[in-house]
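> Have a look at the structure that comes next, please.
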Amino acid sequence: MRIPRVVVAAPASGAGKTSVATGLLAALRARGLAVSPHKVGPDYIDPGYHALAAGRPGRNLDPWLVGERRVAPLFLHGALTPRRADVAVIEGVMGLFDGHATRAGFGSTAHVATLLAAPVVLVVDARSVGRSVAATVHGFRSFDPAVRIGGVVFNHVGTERHAEILRAAMAEIGVPVLGLLGRRDSLATPSRHLGLVPAAERAAPARAAVAELGAAVAAALDLDALLALAATAPDLPAEPWDPRAAAAEIPGTAAGAAMPRPAEPRPGARRPVVAVAGGPAFPFGYAETPELLAAAGAEVARFDPTADEALPDGTSALVIGGGFPQLHAGALAANAALRARVRAFAATGAPIAAECAGLLYLSRALDDAPMCGVLGEVTAAMTPRLTLGYREAVAATDSVLAARGTRARGHEFHRTATSPPAGGGPAGGAPLGTVSGGTALGDMTPGDTVPPGTSPGGTTWPGTVSGGTAPAWTWRGPAGDEVAEGFVRGGIHASYLHTHWAGLPGAAARFVAAAGAAQENGALRAAG
């Protein structure tokens, strides 16, 4: 299947990839083209701007989270949903060849570009450089013969004389110049400690910034040349990812039994309602998650914990993803009605999946702000340092997301910590306020299992301890130490670990099955 496509990359972070990619999406859409936006890596924020520019969901392509074999199918699915795109724009991550810390180049922009056989446009920061830029571009072009750099876009160009020098430098090495963007502070998107400010928090200013980026790119870049380059991408020998097939991809448990499948609703009965948190405090989530939930048999509803005082009608399960609840703690705390309903809902044992920000919302308190308090005495607080990195984890106990022993790949990215860091077991978890890169456990496939109750290093974890709370995951820390993280309590699975359910076979089906069971058992009446 052929989808014209181009990867927007850079020698390093900060060169302007997001500005160029977002502006390119907006400019091509303004031409009347259907444009499919994609982002290499696990980042949630850039796809929010991409969605504003393209008018369709931004989608992530991360070989670590979903496996190499799913990258091309997921790309094709995004390019065909909701309708076939005329062209796809894939924004890279960090520098072109920067990837997993312990596996050279794995998960890098170059890695994804080769998996998609896509040409690369290199965005180069032209500040304080002239002819020497030819050596930089030549080095990137020749470093990996499998990566095809089809042209460059210079950002932060000064005078017209500066532009002439840059064009001449590229002519010396035979690399096309596809555009030159001048120095315009107004095009910068605001940032904070975890990256750009999400588009969902900026509303009208974000839309205005995207429109300005689109106009600037349309004026400064050769869009016809970019489209011609995208058209050189060959057919992809892959079938589009199918949420229904993926939802049915259910691995065996550690004991070899099949995972539960969602029951077919009785004739005339409503499908189980899975309420997914959104709004300014919880804007993060992968586009495939609601698609998988729906394919597994759920009705997906949305709610905003900063504004809605009740859960959606008929809610059978909750998904509370990532975001910045610490910046909206006042509004979350002030919505006491919803917090009380979440507590009542959790008390029924109905399924709740919470990641990162969702974990903070379920804790007893976030700094001094009261939260839902459904994890016992677990509290959360801001920390001075960033915890980040890919993780190769094992489910420490049975939960609504995974059978005990299930292997999963995910990532952490937060400046908060919980006390305690995990339910039950030893006092594990990454040291507070540290940068933890994790250690690979070897090659394993997400969804595989290890012997029940064992961690990657062989440590036995109790299934339900410490007042009915167990760790959610275990993995090895940077020094090879055993780390326990997260909380499983009743129907709750709460963790800092972000997972991509397309790369965690069985998660959506297991979760929807639990929602259907809760609905069927009538256990939700107490939640009101």
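In the structure tokens, each chain is lettered A, B, ... as it comes, each chain's residues begin at 1, and ligands are numbered from 1 in order of appearance.
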Give me the residues near stretch 226-231 of chain A as a PyMOL selection string, where near means some atom within 6 Å (using only C-alpha atoms) and where sequence neighbours in that chain fewer than 6 positions away do not count.
chain A and resi 4-6
> Could you take the residues named above and write them with N, CA, C and O atoms, as an mmCIF file, in the first residue's frame?

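So result_34.cif came out as:
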data_model
loop_
_atom_site.group_PDB
_atom_site.id
_atom_site.type_symbol
_atom_site.label_atom_id
_atom_site.label_comp_id
_atom_site.auth_asym_id
_atom_site.auth_seq_id
_atom_site.Cartn_x
_atom_site.Cartn_y
_atom_site.Cartn_z
ATOM 1 N N PRO A 4 2.013 8.516 0.271
ATOM 2 C CA PRO A 4 3.119 9.485 0.237
ATOM 3 C C PRO A 4 3.447 9.940 1.653
ATOM 4 O O PRO A 4 2.541 10.237 2.446
ATOM 5 N N ARG A 5 4.726 10.010 1.961
ATOM 6 C CA ARG A 5 5.098 10.286 3.350
ATOM 7 C C ARG A 5 6.490 10.878 3.426
ATOM 8 O O ARG A 5 7.338 10.624 2.564
ATOM 9 N N VAL A 6 6.708 11.635 4.493
ATOM 10 C CA VAL A 6 8.005 12.249 4.723
ATOM 11 C C VAL A 6 8.229 12.351 6.216
ATOM 12 O O VAL A 6 7.292 12.562 6.999
#
> With only C-alpha atoms as the counted atoms, please give the residues lying no more than 7 Å from A:Phe487, apart from itself and same-chain residues fewer than 5 positions off, as a VMD selection string.
chain A and resid 422 to 423 469 to 472 493 to 495
> Keeping all heavy atoms, export the residues of the selection given above as an mmCIF file, in the first residue's frame.

data_model
loop_
_atom_site.group_PDB
_atom_site.id
_atom_site.type_symbol
_atom_site.label_atom_id
_atom_site.label_comp_id
_atom_site.auth_asym_id
_atom_site.auth_seq_id
_atom_site.Cartn_x
_atom_site.Cartn_y
_atom_site.Cartn_z
ATOM 1 N N ALA A 422 5.166 1.883 45.952
ATOM 2 C CA ALA A 422 4.491 0.705 45.413
ATOM 3 C C ALA A 422 3.666 0.062 46.512
ATOM 4 O O ALA A 422 3.934 0.228 47.706
ATOM 5 C CB ALA A 422 5.507 -0.293 44.861
ATOM 6 N N GLY A 423 2.669 -0.683 46.101
ATOM 7 C CA GLY A 423 1.866 -1.422 47.056
ATOM 8 C C GLY A 423 2.551 -2.695 47.466
ATOM 9 O O GLY A 423 3.081 -3.427 46.627
ATOM 10 N N THR A 469 -3.332 -4.334 48.885
ATOM 11 C CA THR A 469 -2.669 -3.599 47.816
ATOM 12 C C THR A 469 -1.368 -4.306 47.453
ATOM 13 O O THR A 469 -0.588 -4.650 48.329
ATOM 14 C CB THR A 469 -2.369 -2.152 48.236
ATOM 15 O OG1 THR A 469 -3.579 -1.516 48.613
ATOM 16 C CG2 THR A 469 -1.750 -1.378 47.085
ATOM 17 N N ALA A 470 -1.159 -4.510 46.162
ATOM 18 C CA ALA A 470 0.050 -5.169 45.663
ATOM 19 C C ALA A 470 0.741 -4.253 44.668
ATOM 20 O O ALA A 470 0.135 -3.311 44.146
ATOM 21 C CB ALA A 470 -0.310 -6.501 45.004
ATOM 22 N N PRO A 471 2.022 -4.500 44.373
ATOM 23 C CA PRO A 471 2.674 -3.731 43.308
ATOM 24 C C PRO A 471 2.016 -4.027 41.963
ATOM 25 O O PRO A 471 1.501 -5.118 41.732
ATOM 26 C CB PRO A 471 4.123 -4.235 43.331
ATOM 27 C CG PRO A 471 4.277 -5.003 44.601
ATOM 28 C CD PRO A 471 2.926 -5.510 44.963
ATOM 29 N N ALA A 472 2.054 -3.044 41.072
ATOM 30 C CA ALA A 472 1.536 -3.256 39.720
ATOM 31 C C ALA A 472 2.583 -3.915 38.833
ATOM 32 O O ALA A 472 2.282 -4.847 38.092
ATOM 33 C CB ALA A 472 1.084 -1.934 39.116
ATOM 34 N N HIS A 493 -5.870 -0.496 38.851
ATOM 35 C CA HIS A 493 -4.476 -0.659 38.421
ATOM 36 C C HIS A 493 -3.940 0.753 38.208
ATOM 37 O O HIS A 493 -4.342 1.454 37.287
ATOM 38 C CB HIS A 493 -4.400 -1.453 37.120
ATOM 39 C CG HIS A 493 -3.001 -1.767 36.677
ATOM 40 N ND1 HIS A 493 -2.155 -0.815 36.129
ATOM 41 C CD2 HIS A 493 -2.297 -2.936 36.706
ATOM 42 C CE1 HIS A 493 -0.998 -1.383 35.845
ATOM 43 N NE2 HIS A 493 -1.051 -2.661 36.180
ATOM 44 N N ALA A 494 -3.049 1.184 39.101
ATOM 45 C CA ALA A 494 -2.536 2.557 39.070
ATOM 46 C C ALA A 494 -1.025 2.527 39.081
ATOM 47 O O ALA A 494 -0.411 1.881 39.940
ATOM 48 C CB ALA A 494 -3.062 3.356 40.261
ATOM 49 N N SER A 495 -0.406 3.239 38.131
ATOM 50 C CA SER A 495 1.038 3.147 37.967
ATOM 51 C C SER A 495 1.558 4.387 37.250
ATOM 52 O O SER A 495 0.822 5.049 36.524
ATOM 53 C CB SER A 495 1.370 1.897 37.143
ATOM 54 O OG SER A 495 2.708 1.893 36.698
#
> Near A:Val129, counting only C-alpha atoms, which residues have an atom at most 10 Å away, once you skip same-chain residues fewer than 2 positions from it, shown as a PyMOL selection string?
chain A and resi 125-127+131-134+157+162+165-166
> Could you save the residues just selected, with N, CA, C and O atoms, as a CSV table (one decimal), in the first residue's frame?

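Result went into result.csv, see below:
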chain,number,residue,atom,x,y,z
A,125,ASP,N,19.2,24.0,12.5
A,125,ASP,CA,19.2,25.3,13.2
A,125,ASP,C,20.4,26.1,12.6
A,125,ASP,O,21.6,25.7,12.7
A,126,ALA,N,20.1,27.2,11.9
A,126,ALA,CA,21.2,27.9,11.1
A,126,ALA,C,21.8,29.0,11.9
A,126,ALA,O,22.6,29.8,11.4
A,127,ARG,N,21.4,29.2,13.2
A,127,ARG,CA,22.0,30.3,14.0
A,127,ARG,C,23.5,30.0,14.1
A,127,ARG,O,24.0,28.9,14.4
A,131,ARG,N,29.0,28.1,6.0
A,131,ARG,CA,29.4,27.0,5.1
A,131,ARG,C,29.6,25.7,5.8
A,131,ARG,O,29.5,24.6,5.3
A,132,SER,N,30.0,25.9,7.1
A,132,SER,CA,30.3,24.7,7.9
A,132,SER,C,29.1,23.7,8.0
A,132,SER,O,29.3,22.5,8.3
A,133,VAL,N,27.9,24.3,7.8
A,133,VAL,CA,26.7,23.4,7.9
A,133,VAL,C,26.8,22.3,6.8
A,133,VAL,O,26.1,21.3,7.0
A,134,ALA,N,27.5,22.5,5.8
A,134,ALA,CA,27.7,21.4,4.8
A,134,ALA,C,28.3,20.2,5.4
A,134,ALA,O,27.9,19.0,5.0
A,157,VAL,N,17.1,31.5,10.1
A,157,VAL,CA,18.0,32.1,9.2
A,157,VAL,C,17.9,33.6,9.4
A,157,VAL,O,16.9,34.2,9.7
A,162,HIS,N,22.8,35.6,4.6
A,162,HIS,CA,23.0,34.3,5.3
A,162,HIS,C,22.3,33.2,4.5
A,162,HIS,O,22.9,32.1,4.4
A,165,ILE,N,24.5,32.0,1.6
A,165,ILE,CA,25.6,31.2,2.1
A,165,ILE,C,25.1,29.8,2.3
A,165,ILE,O,25.8,28.8,2.0
A,166,LEU,N,24.0,29.6,3.0
A,166,LEU,CA,23.4,28.3,3.3
A,166,LEU,C,23.1,27.5,2.0
A,166,LEU,O,23.4,26.3,1.8
> Please identify the strand (DSSP E) residues within stretch 237-332 of chain A (assignment by DSSP from backbone atoms) and present them as JSON, numbers by chain.
{"A": [273, 274, 275, 276, 277, 299, 300, 301, 302, 303, 315, 316, 317, 318, 319, 320]}
> Produce a file of the selected residues containing C-alpha atoms, as an mmCIF file, in the first residue's frame.

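Contents of selection.cif, as written:
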data_model
loop_
_atom_site.group_PDB
_atom_site.id
_atom_site.type_symbol
_atom_site.label_atom_id
_atom_site.label_comp_id
_atom_site.auth_asym_id
_atom_site.auth_seq_id
_atom_site.Cartn_x
_atom_site.Cartn_y
_atom_site.Cartn_z
ATOM 1 C CA VAL A 273 -19.432 2.100 29.260
ATOM 2 C CA VAL A 274 -15.756 2.922 29.715
ATOM 3 C CA ALA A 275 -15.350 6.553 30.796
ATOM 4 C CA VAL A 276 -12.041 8.080 29.660
ATOM 5 C CA ALA A 277 -10.787 11.162 31.516
ATOM 6 C CA GLU A 299 -18.960 2.149 24.601
ATOM 7 C CA VAL A 300 -16.401 4.921 25.136
ATOM 8 C CA ALA A 301 -17.502 8.103 26.919
ATOM 9 C CA ARG A 302 -15.490 11.167 27.937
ATOM 10 C CA PHE A 303 -15.452 13.217 31.120
ATOM 11 C CA THR A 315 -20.132 4.035 33.598
ATOM 12 C CA SER A 316 -18.737 0.525 34.110
ATOM 13 C CA ALA A 317 -14.994 1.315 34.063
ATOM 14 C CA LEU A 318 -12.625 4.282 34.210
ATOM 15 C CA VAL A 319 -9.466 5.077 32.253
ATOM 16 C CA ILE A 320 -7.510 8.015 33.688
#
> Identify, with DSSP run on backbone atoms, the residues in stretch 269-452 of chain A assigned to helix (DSSP H, G or I), and express the list as a PyMOL selection string.
chain A and resi 288-295+325-327+329-334+336-347+357-362
> Select from stretch 266-331 of chain A every residue with an atom at most 9 Å from any atom of stretch 57-77 of chain A, then for each give the shortest pair of atoms and their distance in Å to one decimal, using only C-alpha atoms, rows by chain and rising number, as a Markdown table.

| residue | atom | partner | partner_atom | distance |
| --- | --- | --- | --- | --- |
| A:Tyr286 | CA | A:Arg59 | CA | 6.9 |
| A:Ala287 | CA | A:Arg59 | CA | 6.1 |
| A:Glu288 | CA | A:Arg59 | CA | 8.1 |
> Could you check the closest approach to A:Ala117 for each of A:Pro11, A:Gly179, A:Pro82, A:Pro234 and tell me which residue wins, using only C-alpha atoms?
A:Pro234
> Find the spatial neighbours of A:Asp368, counting only C-alpha atoms, within a cut-off of 10 Å - ignore same-chain residues fewer than 4 positions away - and output them as number ranges by chain.
A: 329-330, 333, 364, 379-381
> Let me see the file: selected residues, N, CA and C atoms, as a PDB file, in the first residue's frame.

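This went into result_12.pdb:
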ATOM      1  N   ALA A 329      -4.524  21.107  40.318  1.00  0.00           N
ATOM      2  CA  ALA A 329      -4.899  20.471  41.580  1.00  0.00           C
ATOM      3  C   ALA A 329      -6.033  21.222  42.269  1.00  0.00           C
ATOM      4  N   GLY A 330      -6.032  22.550  42.159  1.00  0.00           N
ATOM      5  CA  GLY A 330      -7.090  23.327  42.801  1.00  0.00           C
ATOM      6  C   GLY A 330      -8.456  22.984  42.240  1.00  0.00           C
ATOM      7  N   ALA A 333      -9.381  19.368  43.229  1.00  0.00           N
ATOM      8  CA  ALA A 333      -9.768  19.298  44.634  1.00  0.00           C
ATOM      9  C   ALA A 333     -11.131  19.936  44.868  1.00  0.00           C
ATOM     10  N   ARG A 364      -4.386   9.857  47.972  1.00  0.00           N
ATOM     11  CA  ARG A 364      -5.115  10.592  49.021  1.00  0.00           C
ATOM     12  C   ARG A 364      -4.942  12.089  48.879  1.00  0.00           C
ATOM     13  N   THR A 379       0.087   8.945  49.084  1.00  0.00           N
ATOM     14  CA  THR A 379       0.085  10.368  48.763  1.00  0.00           C
ATOM     15  C   THR A 379       1.102  10.633  47.660  1.00  0.00           C
ATOM     16  N   ALA A 380       1.007  11.817  47.057  1.00  0.00           N
ATOM     17  CA  ALA A 380       1.907  12.181  45.963  1.00  0.00           C
ATOM     18  C   ALA A 380       2.399  13.602  46.161  1.00  0.00           C
ATOM     19  N   ALA A 381       3.590  13.890  45.649  1.00  0.00           N
ATOM     20  CA  ALA A 381       4.172  15.222  45.795  1.00  0.00           C
ATOM     21  C   ALA A 381       5.129  15.499  44.645  1.00  0.00           C
TER      22      ALA A 381
END
